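Coordinates from model_32.txt are shown below (compact mmCIF, C-alpha atoms and all ligand atoms).
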```txt
# COMPACT_ATOMS: atom_id res chain seq x y z
CA MET A 224 -8.58 5.73 8.07
CA GLU A 225 -9.06 8.55 10.55
CA ALA A 226 -11.01 6.75 13.27
CA GLY A 227 -11.12 8.64 16.53
CA THR A 228 -10.50 12.06 15.03
CA ALA A 229 -14.17 12.89 14.44
CA ASP A 230 -14.58 14.06 18.02
CA GLY A 231 -11.66 16.45 17.57
CA TYR A 232 -9.13 14.32 19.42
CA ILE A 233 -5.64 15.46 18.57
CA PRO A 234 -3.14 12.60 18.49
CA THR A 235 -0.41 12.84 21.06
CA MET A 236 1.53 9.77 20.01
CA ILE A 237 2.84 8.70 16.61
CA VAL A 238 4.64 5.39 16.21
CA LEU A 239 6.51 3.72 13.35
CA GLY A 240 6.01 -0.05 12.99
CA ILE A 241 8.25 -2.53 11.17
CA GLU A 242 7.22 -6.09 10.22
CA THR A 243 9.67 -8.63 8.75
CA SER A 244 8.86 -11.95 10.45
CA CYS A 245 7.65 -13.91 7.43
CA ASP A 246 7.29 -13.11 3.72
CA GLU A 247 5.89 -9.58 3.89
CA THR A 248 8.16 -6.58 4.33
CA ALA A 249 6.05 -3.83 5.88
CA ALA A 250 6.25 -0.40 7.48
CA ALA A 251 3.45 1.72 8.94
CA VAL A 252 2.74 4.84 10.95
CA VAL A 253 -0.19 4.95 13.40
CA THR A 254 -1.38 7.42 16.01
CA ASP A 255 -3.14 7.03 19.35
CA ALA A 256 -6.22 8.57 17.70
CA ARG A 257 -6.48 5.11 16.04
CA ALA A 258 -5.48 6.58 12.69
CA ILE A 259 -3.38 4.63 10.22
CA ARG A 260 -1.39 7.44 8.64
CA ALA A 261 0.45 5.01 6.34
CA SER A 262 0.68 1.24 5.88
CA VAL A 263 2.86 -0.15 3.13
CA VAL A 264 3.28 -3.87 2.54
CA LEU A 265 5.63 -5.46 0.01
CA SER A 266 4.71 -9.09 -0.57
CA GLN A 267 7.55 -11.40 -1.55
CA LEU A 268 5.15 -13.94 -3.06
CA ASP A 269 6.80 -13.87 -6.47
CA ASP A 270 10.21 -14.57 -4.93
CA HIS A 271 8.92 -17.70 -3.17
CA ARG A 272 6.33 -18.98 -5.64
CA PRO A 273 8.79 -21.16 -7.64
CA TYR A 274 9.51 -23.09 -4.41
CA GLY A 275 5.85 -23.55 -3.37
CA GLY A 276 6.49 -22.05 0.06
CA VAL A 277 8.50 -19.45 1.95
CA VAL A 278 12.30 -19.95 1.77
CA PRO A 279 13.78 -18.34 4.92
CA GLU A 280 17.09 -17.23 3.34
CA ILE A 281 15.34 -15.61 0.39
CA ALA A 282 12.94 -13.88 2.77
CA ALA A 283 15.73 -12.43 4.94
CA ARG A 284 17.64 -11.15 1.91
CA SER A 285 14.54 -9.55 0.44
CA HIS A 286 13.68 -7.79 3.75
CA LEU A 287 17.22 -6.42 3.80
CA ASP A 288 16.93 -5.17 0.20
CA HIS A 289 13.59 -3.37 0.64
CA LEU A 290 13.02 -2.35 4.24
CA ASP A 291 14.72 1.07 4.18
CA VAL A 292 12.80 2.18 1.07
CA LEU A 293 9.50 1.02 2.59
CA ILE A 294 10.14 2.89 5.83
CA GLY A 295 10.91 6.04 3.83
CA ARG A 296 7.70 5.60 1.85
CA ALA A 297 5.60 5.10 4.99
CA LEU A 298 7.04 8.22 6.64
CA ASP A 299 6.48 10.23 3.44
CA GLN A 300 2.87 9.09 3.15
CA ALA A 301 2.27 9.86 6.82
CA GLY A 302 3.89 13.26 6.45
CA VAL A 303 6.11 12.80 9.52
CA SER A 304 9.84 12.78 10.03
CA LEU A 305 11.74 10.34 12.22
CA ALA A 306 12.33 13.23 14.63
CA GLU A 307 8.57 13.63 15.17
CA LEU A 308 7.98 10.00 16.18
CA ASP A 309 7.23 8.97 19.76
CA GLY A 310 8.63 5.50 19.31
CA ILE A 311 9.75 2.77 16.94
CA ALA A 312 8.26 -0.72 17.12
CA ALA A 313 9.59 -3.76 15.30
CA THR A 314 8.41 -7.36 15.32
CA GLY A 315 10.75 -9.16 17.73
CA GLY A 316 9.39 -12.67 17.03
CA PRO A 317 8.07 -15.29 16.67
CA GLY A 318 8.97 -15.93 13.06
CA LEU A 319 11.73 -16.71 10.61
CA ILE A 320 14.74 -15.55 12.57
CA GLY A 321 16.74 -14.06 9.69
CA GLY A 322 13.91 -11.72 8.81
CA VAL A 323 13.20 -10.83 12.44
CA ILE A 324 16.87 -9.89 12.89
CA VAL A 325 16.67 -7.54 9.88
CA GLY A 326 13.62 -5.70 11.28
CA VAL A 327 14.83 -5.54 14.87
CA THR A 328 18.27 -4.29 13.85
CA MET A 329 16.72 -1.57 11.69
CA GLY A 330 14.35 -0.56 14.49
CA LYS A 331 17.12 -0.36 17.06
CA ALA A 332 19.41 1.59 14.72
CA LEU A 333 16.72 4.20 13.99
CA ALA A 334 15.81 4.42 17.69
CA LEU A 335 19.45 4.93 18.65
CA ALA A 336 20.20 7.44 15.90
CA HIS A 337 17.10 9.53 16.65
CA GLN A 338 16.98 9.02 20.43
CA LYS A 339 13.55 7.34 20.39
CA PRO A 340 12.15 4.57 22.55
CA PHE A 341 12.36 1.11 20.94
CA VAL A 342 9.69 -1.57 21.44
CA ALA A 343 10.01 -5.21 20.36
CA VAL A 344 6.52 -6.42 19.53
CA ASN A 345 5.33 -10.01 19.61
CA HIS A 346 3.92 -10.58 16.11
CA LEU A 347 0.98 -12.49 17.64
CA GLU A 348 0.23 -9.56 19.94
CA GLY A 349 0.11 -7.41 16.80
CA HIS A 350 -2.66 -9.64 15.43
CA ALA A 351 -4.34 -9.86 18.85
CA LEU A 352 -4.62 -6.09 19.39
CA THR A 353 -5.59 -5.08 15.82
CA CYS A 354 -9.29 -5.00 16.78
CA ARG A 355 -8.51 -2.22 19.26
CA LEU A 356 -6.99 -0.14 16.46
CA THR A 357 -9.89 -0.79 14.06
CA ASP A 358 -12.87 -1.10 16.42
CA ASP A 359 -11.74 0.11 19.85
CA VAL A 360 -12.68 -3.25 21.42
CA ALA A 361 -12.33 -3.19 25.23
CA PHE A 362 -10.66 -5.93 27.31
CA PRO A 363 -11.40 -8.74 28.00
CA TYR A 364 -12.30 -10.46 24.73
CA LEU A 365 -12.00 -13.94 23.28
CA LEU A 366 -9.60 -14.13 20.35
CA LEU A 367 -9.44 -16.81 17.68
CA LEU A 368 -5.99 -16.35 16.16
CA VAL A 369 -5.71 -18.19 12.87
CA SER A 370 -2.67 -17.71 10.63
CA GLY A 371 -0.12 -19.67 8.63
CA GLY A 372 1.84 -20.70 11.69
CA HIS A 373 -0.67 -20.34 14.53
CA CYS A 374 -4.09 -21.56 15.49
CA GLN A 375 -5.22 -20.81 19.02
CA LEU A 376 -7.99 -19.46 21.22
CA LEU A 377 -6.93 -16.89 23.79
CA ALA A 378 -8.63 -14.82 26.45
CA VAL A 379 -7.15 -11.35 25.88
CA GLU A 380 -7.23 -9.72 29.31
CA GLY A 381 -4.95 -6.74 28.68
CA VAL A 382 -1.78 -5.70 26.89
CA GLY A 383 0.65 -8.56 27.49
CA ARG A 384 -2.01 -10.56 29.36
CA TYR A 385 -3.16 -13.65 27.46
CA SER A 386 -4.60 -16.92 28.66
CA ARG A 387 -4.64 -19.77 26.16
CA LEU A 388 -7.85 -21.80 26.12
CA GLY A 389 -6.98 -24.11 23.22
CA GLY A 390 -4.78 -24.58 20.19
CA THR A 391 -3.91 -26.92 17.38
CA ILE A 392 -2.43 -30.29 18.22
CA ASP A 393 -0.94 -30.67 14.74
CA ASP A 394 -1.15 -28.23 11.78
CA ALA A 395 -2.10 -24.56 11.90
CA VAL A 396 -5.23 -23.87 9.91
CA GLY A 397 -3.45 -21.60 7.40
CA GLU A 398 -0.93 -24.38 6.84
CA ALA A 399 -3.85 -26.75 6.08
CA PHE A 400 -5.21 -24.25 3.53
CA ASP A 401 -1.75 -23.95 1.96
CA LYS A 402 -1.20 -27.72 1.79
CA VAL A 403 -4.66 -28.41 0.36
CA ALA A 404 -4.07 -25.72 -2.28
CA LYS A 405 -0.78 -27.38 -3.21
CA MET A 406 -2.47 -30.81 -3.50
CA LEU A 407 -5.13 -29.37 -5.76
CA GLY A 408 -2.61 -27.44 -7.85
CA LEU A 409 -4.13 -24.10 -6.86
CA GLY A 410 -0.83 -22.36 -6.18
CA PHE A 411 0.61 -20.40 -3.29
CA PRO A 412 -0.45 -18.88 -0.92
CA GLY A 413 -3.24 -21.34 -0.52
CA GLY A 414 -5.88 -19.56 1.54
CA PRO A 415 -7.05 -16.98 -0.99
CA ALA A 416 -6.76 -19.56 -3.82
CA VAL A 417 -8.92 -22.12 -1.97
CA GLU A 418 -11.49 -19.44 -1.11
CA ALA A 419 -11.69 -18.27 -4.75
CA THR A 420 -11.92 -21.84 -6.08
CA ALA A 421 -14.62 -22.76 -3.56
CA ARG A 422 -16.90 -19.98 -4.78
CA GLY A 423 -19.90 -21.65 -6.42
CA GLY A 424 -18.75 -25.13 -5.29
CA ASP A 425 -20.99 -27.62 -3.44
CA PRO A 426 -19.78 -27.79 0.19
CA ALA A 427 -21.83 -30.96 0.82
CA ARG A 428 -20.48 -33.05 -2.06
CA PHE A 429 -17.51 -34.58 -0.22
CA ALA A 430 -18.14 -36.00 3.26
CA LEU A 431 -14.96 -34.82 4.97
CA PRO A 432 -14.20 -35.38 8.69
CA ARG A 433 -14.59 -32.67 11.35
CA PRO A 434 -11.72 -33.55 13.74
CA LEU A 435 -12.43 -33.07 17.48
CA VAL A 436 -15.89 -31.56 16.88
CA GLY A 437 -18.11 -32.19 19.89
CA ARG A 438 -15.16 -33.21 22.09
CA PRO A 439 -14.55 -31.40 25.37
CA GLY A 440 -12.05 -28.54 25.38
CA ALA A 441 -11.05 -26.12 22.66
CA ASP A 442 -8.16 -27.80 20.85
CA PHE A 443 -7.98 -28.19 17.07
CA SER A 444 -6.64 -30.82 14.70
CA PHE A 445 -6.36 -30.49 10.93
CA SER A 446 -3.99 -33.23 9.73
CA GLY A 447 -6.76 -35.87 9.36
CA LEU A 448 -8.87 -33.44 7.36
CA LYS A 449 -5.91 -32.68 5.10
CA THR A 450 -5.38 -36.42 4.49
CA ALA A 451 -9.09 -36.87 3.73
CA VAL A 452 -8.87 -34.12 1.10
CA ARG A 453 -5.88 -35.88 -0.48
CA LEU A 454 -7.76 -39.21 -0.60
CA ALA A 455 -10.83 -37.52 -2.08
CA ALA A 456 -8.65 -35.84 -4.72
CA GLU A 457 -6.98 -39.15 -5.57
CA SER A 458 -10.36 -40.82 -5.99
CA LEU A 459 -11.36 -38.41 -8.73
CA PRO A 460 -11.19 -39.78 -12.28
CA GLY A 461 -8.66 -38.55 -14.87
CA ASP A 462 -5.17 -37.05 -14.63
CA THR A 463 -6.29 -33.45 -14.30
CA PHE A 464 -9.02 -32.04 -12.06
CA ALA A 465 -12.27 -30.88 -13.62
CA ALA A 466 -13.21 -27.33 -12.58
CA ARG A 467 -16.44 -28.56 -10.95
CA ASP A 468 -14.58 -31.21 -8.89
CA LEU A 469 -12.05 -28.64 -7.74
CA ALA A 470 -14.74 -26.17 -6.72
CA ASP A 471 -16.71 -28.83 -4.82
CA LEU A 472 -13.64 -30.19 -3.04
CA ALA A 473 -12.38 -26.73 -2.08
CA ALA A 474 -15.87 -25.78 -0.84
CA SER A 475 -16.18 -29.05 1.13
CA PHE A 476 -12.78 -28.48 2.74
CA GLN A 477 -13.61 -24.87 3.61
CA ALA A 478 -16.94 -25.93 5.13
CA ALA A 479 -15.21 -28.58 7.26
CA VAL A 480 -12.68 -26.01 8.51
CA ALA A 481 -15.47 -23.57 9.32
CA ASP A 482 -17.38 -26.28 11.25
CA VAL A 483 -14.28 -27.18 13.26
CA LEU A 484 -13.40 -23.57 14.08
CA ALA A 485 -17.03 -22.73 14.96
CA ASP A 486 -17.37 -25.72 17.32
CA ARG A 487 -14.04 -25.14 19.07
CA THR A 488 -14.73 -21.41 19.40
CA ASP A 489 -18.16 -22.15 20.85
CA HIS A 490 -16.54 -24.37 23.51
CA ALA A 491 -13.92 -21.73 24.29
CA LEU A 492 -16.61 -19.04 24.57
CA ARG A 493 -18.35 -21.05 27.30
CA THR A 494 -15.14 -21.22 29.34
CA PHE A 495 -14.31 -17.59 28.59
CA ARG A 496 -17.71 -16.30 29.67
CA ALA A 497 -17.63 -18.33 32.89
CA ARG A 498 -14.26 -16.75 33.72
CA HIS A 499 -15.10 -13.30 32.36
CA PRO A 500 -18.80 -12.42 32.70
CA ASP A 501 -17.74 -8.92 31.55
CA GLY A 502 -16.31 -10.30 28.26
CA THR A 503 -16.90 -7.79 25.46
CA ALA A 504 -16.58 -9.62 22.13
CA LEU A 505 -15.50 -12.53 19.99
CA VAL A 506 -12.63 -11.41 17.77
CA VAL A 507 -10.92 -13.24 14.92
CA ALA A 508 -7.45 -12.26 13.69
CA GLY A 509 -4.58 -13.55 11.56
CA GLY A 510 -4.35 -14.26 7.84
CA VAL A 511 -7.09 -16.92 7.76
CA ALA A 512 -9.50 -14.40 9.29
CA ALA A 513 -9.65 -12.87 5.80
CA ASN A 514 -11.83 -15.86 4.80
CA GLN A 515 -15.45 -14.79 4.32
CA THR A 516 -17.06 -18.21 4.96
CA LEU A 517 -15.24 -18.35 8.25
CA ARG A 518 -16.22 -14.83 9.24
CA THR A 519 -19.88 -15.59 8.59
CA ARG A 520 -19.78 -18.75 10.72
CA LEU A 521 -18.01 -17.05 13.60
CA ALA A 522 -20.48 -14.16 13.55
CA GLU A 523 -23.23 -16.77 14.11
CA VAL A 524 -21.33 -18.32 17.02
CA ALA A 525 -20.89 -14.91 18.66
CA ALA A 526 -24.56 -14.05 18.14
CA ALA A 527 -25.60 -17.33 19.81
CA HIS A 528 -23.65 -16.16 22.88
CA GLY A 529 -25.12 -12.65 22.66
CA LEU A 530 -21.71 -11.13 21.97
CA PRO A 531 -20.59 -8.73 19.24
CA PHE A 532 -18.26 -10.18 16.63
CA THR A 533 -15.26 -8.24 15.33
CA ALA A 534 -13.05 -9.09 12.39
CA PRO A 535 -10.52 -6.55 11.13
CA PRO A 536 -10.66 -5.67 7.41
CA PRO A 537 -8.85 -8.39 5.38
CA ALA A 538 -5.81 -6.19 4.69
CA LEU A 539 -5.26 -5.89 8.46
CA CYS A 540 -5.80 -9.65 9.00
CA THR A 541 -2.85 -10.68 6.84
CA ASP A 542 0.61 -9.55 7.91
CA ASN A 543 1.13 -5.79 8.03
CA ALA A 544 3.06 -3.23 10.06
CA ALA A 545 0.09 -1.14 11.24
CA MET A 546 -0.66 -3.88 13.76
CA ILE A 547 2.96 -3.79 14.95
CA ALA A 548 2.96 0.00 15.26
CA TRP A 549 -0.34 -0.16 17.18
CA ALA A 550 0.82 -2.89 19.58
CA GLY A 551 4.00 -0.88 20.10
CA LEU A 552 1.94 2.24 20.81
CA GLU A 553 -0.22 0.35 23.33
CA ARG A 554 2.94 -0.80 25.11
CA LEU A 555 4.59 2.62 25.00
CA ARG A 556 1.61 4.37 26.54
CA LEU A 557 1.79 1.91 29.44
CA GLY A 558 5.42 2.90 29.91
CA LEU A 559 6.76 -0.35 28.42
CA ARG A 560 9.82 -0.32 26.18
CA ASP A 561 12.73 -2.58 25.34
CA GLY A 562 16.47 -2.13 25.59
CA LEU A 563 18.79 -2.17 22.61
CA ASP A 564 19.99 -5.53 23.95
CA PHE A 565 16.66 -7.18 23.03
CA ALA A 566 17.41 -10.53 21.34
CA PRO A 567 15.10 -11.60 18.47
CA ARG A 568 13.00 -14.64 19.37
CA PRO A 569 12.17 -17.44 16.91
CA ARG A 570 9.62 -18.72 19.44
CA TRP A 571 7.57 -16.43 21.68
CA PRO A 572 4.27 -17.76 23.08
CA LEU A 573 1.68 -15.14 24.07
CA ASP A 574 0.71 -17.22 27.09
CA PRO A 575 4.02 -18.20 28.70
CA THR A 576 2.27 -20.81 30.88
CA SER A 577 1.31 -22.80 27.78
CA GLU A 578 3.89 -24.71 25.83
CA ALA A 579 2.80 -23.70 22.31
CA ALA A 580 4.56 -20.81 20.56
O1 LIG A 601 -1.12 -13.88 9.39
P1 LIG A 601 -0.54 -14.28 8.08
O2 LIG A 601 -0.53 -13.27 6.95
O3 LIG A 601 0.94 -14.78 8.24
C1 LIG A 601 1.31 -15.53 9.37
O4 LIG A 601 1.62 -14.90 10.42
O5 LIG A 601 1.26 -16.79 9.27
O6 LIG A 601 -1.31 -15.59 7.61
C2 LIG A 601 -1.01 -16.23 6.40
C3 LIG A 601 -1.93 -17.43 6.23
C4 LIG A 601 -1.57 -18.31 5.04
O7 LIG A 601 -1.58 -19.66 5.45
C5 LIG A 601 -2.69 -18.01 4.05
O8 LIG A 601 -2.95 -19.10 3.18
C6 LIG A 601 -3.85 -17.72 4.98
O9 LIG A 601 -3.28 -16.97 6.04
N1 LIG A 601 -4.90 -16.94 4.33
C7 LIG A 601 -6.17 -17.39 4.14
C8 LIG A 601 -6.85 -16.38 3.41
N2 LIG A 601 -5.98 -15.34 3.21
C9 LIG A 601 -4.79 -15.71 3.78
N3 LIG A 601 -6.76 -18.55 4.49
C10 LIG A 601 -8.05 -18.72 4.13
N4 LIG A 601 -8.77 -17.82 3.42
C11 LIG A 601 -8.21 -16.63 3.04
N5 LIG A 601 -8.91 -15.74 2.34
ZN ZN A 602 0.80 -13.12 11.01
```
Kindly present the structure from the file in structure tokens form.
Amino acid sequence: MEAGTADGYIPTMIVLGIETSCDETAAAVVTDARAIRASVVLSQLDDHRPYGGVVPEIAARSHLDHLDVLIGRALDQAGVSLAELDGIAATGGPGLIGGVIVGVTMGKALALAHQKPFVAVNHLEGHALTCRLTDDVAFPYLLLLVSGGHCQLLAVEGVGRYSRLGGTIDDAVGEAFDKVAKMLGLGFPGGPAVEATARGGDPARFALPRPLVGRPGADFSFSGLKTAVRLAAESLPGDTFAARDLADLAASFQAAVADVLADRTDHALRTFRARHPDGTALVVAGGVAANQTLRTRLAEVAAAHGLPFTAPPPALCTDNAAMIAWAGLERLRLGLRDGLDFAPRPRWPLDPTSEAA
């Protein structure tokens, strides 16, 4: 991608990003011309699949084994040396702490050895600012952040300036996808498996609940929906699921999730627009934003409010280091950087006035 270079803009900043907070080891190089010079992601899915979920110790060990090679590959692909970088950004949290320590320690060591500024990036800020890398979206915008560990609606007012309008009161939406996939024997990770299984299914066959829809506010709840899917699955005849039943149940679940997210986002947009008449867009980010049914529904919600809708390409919705490099670059060009005494954070809410991480 060479966005921003068409008008002849010559990049003046090049930043290396490192991401190790969950089960993807990633390194990337981006420039302030909004160009992704390299983005390499090594998924550890095969390491964790036998356990049906991410095992923190295995994740940390795997980051340690692969990170240096990935960084070398990203720099090679980008055609830059460490000496040419303007800064090094690593995810500083929130996430699985063993993995975060691996990435932060590597970032600090490279910064120290090559005399470069170091930036610790909030992983959620990486997701939140991706739309500025891909689509140059201006502040303020409303963000629906939906991933494996997070589900929240935030007014994004600037770099480091987030105001939380709502969030989940139980499970994150990605977690609900993963648990439903497990119940239906669709494997791990659940989101892409549920989406693939739902293709061609009848979303109206199972009457599943839409928790909190129509209620005031912009909070979410998914645990009741998850239980309803389990009960529906148990009510099906036979010991194994028929392909048609699986497709219909997956499609019904996905439709219920889309209804809930659309309703809650609509409520949040009303609050957001009252506070920010100059609001520029509705943006979705995080792993679940890769879901096409969801993207279509959210585009409709945005259109009803007369706002553009932005969703990064799926590969930049799931975890990657380009988003970390970009968020680091945004911080660096504002003069923000971190000391080598930065301590990795297992919890790190974007809006410090709200209790959720
Ligand atoms: O942002 P992400 O890669 O990692 C976290 O920071 O959590 O999000 C991973 C989550 C997982 O729960 C995965 O099942 C979900 O995103 N996901 C999807 C899709 N692709 C990934 N959920 C629904 N539909 C998808 N296509
Ligand atoms: Zn993420």
**Item:** Selection near A:Thr463, 10 Å with only C-alpha atoms, sequence-local residues under 4 positions removed, as an MDAnalysis selection string
**Value:** chainID A and resid 407:408 459 469
**Request:** Choose the residue, out of A:Phe464, A:Phe476, A:Trp549, A:Tyr364, that has the smallest atom-to-atom separation from ligand LIG 601 (chain A); count all atoms listed in the file.
**Result:** A:Phe476
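For the choices A:Gly562, A:Ala261, A:Ala466, A:Phe429, the atom-to-atom distance to A:Gly302 is smallest for A:Ala261 when using only C-alpha atoms.
Non-sequential neighbours of A:Leu367 (distance at most 7 Å, separation of 4 or more positions within a chain, only C-alpha atoms) are A:Gln375, A:Leu376, A:Leu377, A:Val506, A:Val507, A:Ala508.
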**Message:** Can you work out which residues are within 7 Å of ligand LIG 601 (chain A), considering only C-alpha atoms and all ligand atoms, and then hand them over as a VMD selection string?
**Reply:** chain A and resid 245 370 to 373 397 to 398 400 to 401 412 to 415 417 to 418 509 to 515 540 to 542
**Prompt:** Quick one: of A:Lys339, A:Arg518, A:Arg556, A:His346, who's nearest to A:Ala478, counting only C-alpha atoms?
**Reply:** A:Arg518
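With distances restricted to all atoms listed in the file, A:Ile281 is the closest residue to A:Gly321 from A:Ile281, A:Ala456, A:Met406, A:Leu356.
Atom pair atom CA of A:Arg438 / atom CA of A:Gly424: separated by 28.8 Å.
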**Message:** Just want the 9 Å neighbourhood of A:Ala334, counted on only C-alpha atoms, with same-chain residues fewer than 5 positions away dropped. Output as a list in words.
**Reply:** Gly310, Ile311, Met329, Lys339, Pro340, Phe341 and Leu563 of chain A
**Pick from A:Leu530, A:Ala332, A:Ile259, A:Leu319, whichever lies nearest to ligand ZN 602 (chain A) using all atoms listed in the file** = A:Leu319
Would you kindly place N, CA and C atoms on stretch 414-434 of chain A and return the model as a compact mmCIF listing (two decimals), in the frame of the given file?
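What follows is the written file result-v5.txt:
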```txt
# COMPACT_ATOMS: atom_id res chain seq x y z
N GLY A 414 -4.60 -20.01 1.00
CA GLY A 414 -5.88 -19.56 1.54
C GLY A 414 -6.74 -18.82 0.53
N PRO A 415 -6.22 -17.72 -0.02
CA PRO A 415 -7.05 -16.98 -0.99
C PRO A 415 -7.41 -17.82 -2.21
N ALA A 416 -6.50 -18.72 -2.64
CA ALA A 416 -6.76 -19.56 -3.82
C ALA A 416 -7.88 -20.56 -3.53
N VAL A 417 -7.86 -21.17 -2.34
CA VAL A 417 -8.92 -22.12 -1.97
C VAL A 417 -10.26 -21.37 -1.88
N GLU A 418 -10.24 -20.20 -1.25
CA GLU A 418 -11.49 -19.44 -1.11
C GLU A 418 -12.07 -19.09 -2.49
N ALA A 419 -11.21 -18.64 -3.41
CA ALA A 419 -11.69 -18.27 -4.75
C ALA A 419 -12.22 -19.49 -5.50
N THR A 420 -11.50 -20.62 -5.37
CA THR A 420 -11.92 -21.84 -6.08
C THR A 420 -13.23 -22.38 -5.52
N ALA A 421 -13.43 -22.22 -4.22
CA ALA A 421 -14.62 -22.76 -3.56
C ALA A 421 -15.90 -22.01 -3.93
N ARG A 422 -15.73 -20.80 -4.44
CA ARG A 422 -16.90 -19.98 -4.78
C ARG A 422 -17.76 -20.70 -5.81
N GLY A 423 -19.02 -20.95 -5.49
CA GLY A 423 -19.90 -21.65 -6.42
C GLY A 423 -19.81 -23.17 -6.30
N GLY A 424 -18.87 -23.68 -5.48
CA GLY A 424 -18.75 -25.13 -5.29
C GLY A 424 -19.79 -25.65 -4.32
N ASP A 425 -20.00 -26.98 -4.32
CA ASP A 425 -20.99 -27.62 -3.44
C ASP A 425 -20.28 -28.10 -2.17
N PRO A 426 -20.51 -27.42 -1.03
CA PRO A 426 -19.78 -27.79 0.19
C PRO A 426 -20.22 -29.12 0.78
N ALA A 427 -21.32 -29.69 0.26
CA ALA A 427 -21.83 -30.96 0.82
C ALA A 427 -21.43 -32.16 -0.05
N ARG A 428 -20.74 -31.92 -1.15
CA ARG A 428 -20.48 -33.05 -2.06
C ARG A 428 -19.53 -34.10 -1.46
N PHE A 429 -18.47 -33.65 -0.81
CA PHE A 429 -17.51 -34.58 -0.22
C PHE A 429 -17.72 -34.63 1.29
N ALA A 430 -17.90 -35.84 1.82
CA ALA A 430 -18.14 -36.00 3.26
C ALA A 430 -16.79 -36.05 3.97
N LEU A 431 -16.28 -34.89 4.33
CA LEU A 431 -14.96 -34.82 4.97
C LEU A 431 -15.11 -34.82 6.50
N PRO A 432 -14.10 -35.33 7.22
CA PRO A 432 -14.20 -35.38 8.69
C PRO A 432 -14.13 -33.99 9.33
N ARG A 433 -14.68 -33.90 10.54
CA ARG A 433 -14.59 -32.67 11.35
C ARG A 433 -13.83 -33.03 12.62
N PRO A 434 -12.49 -33.07 12.58
CA PRO A 434 -11.72 -33.55 13.74
C PRO A 434 -12.03 -32.79 15.02
```
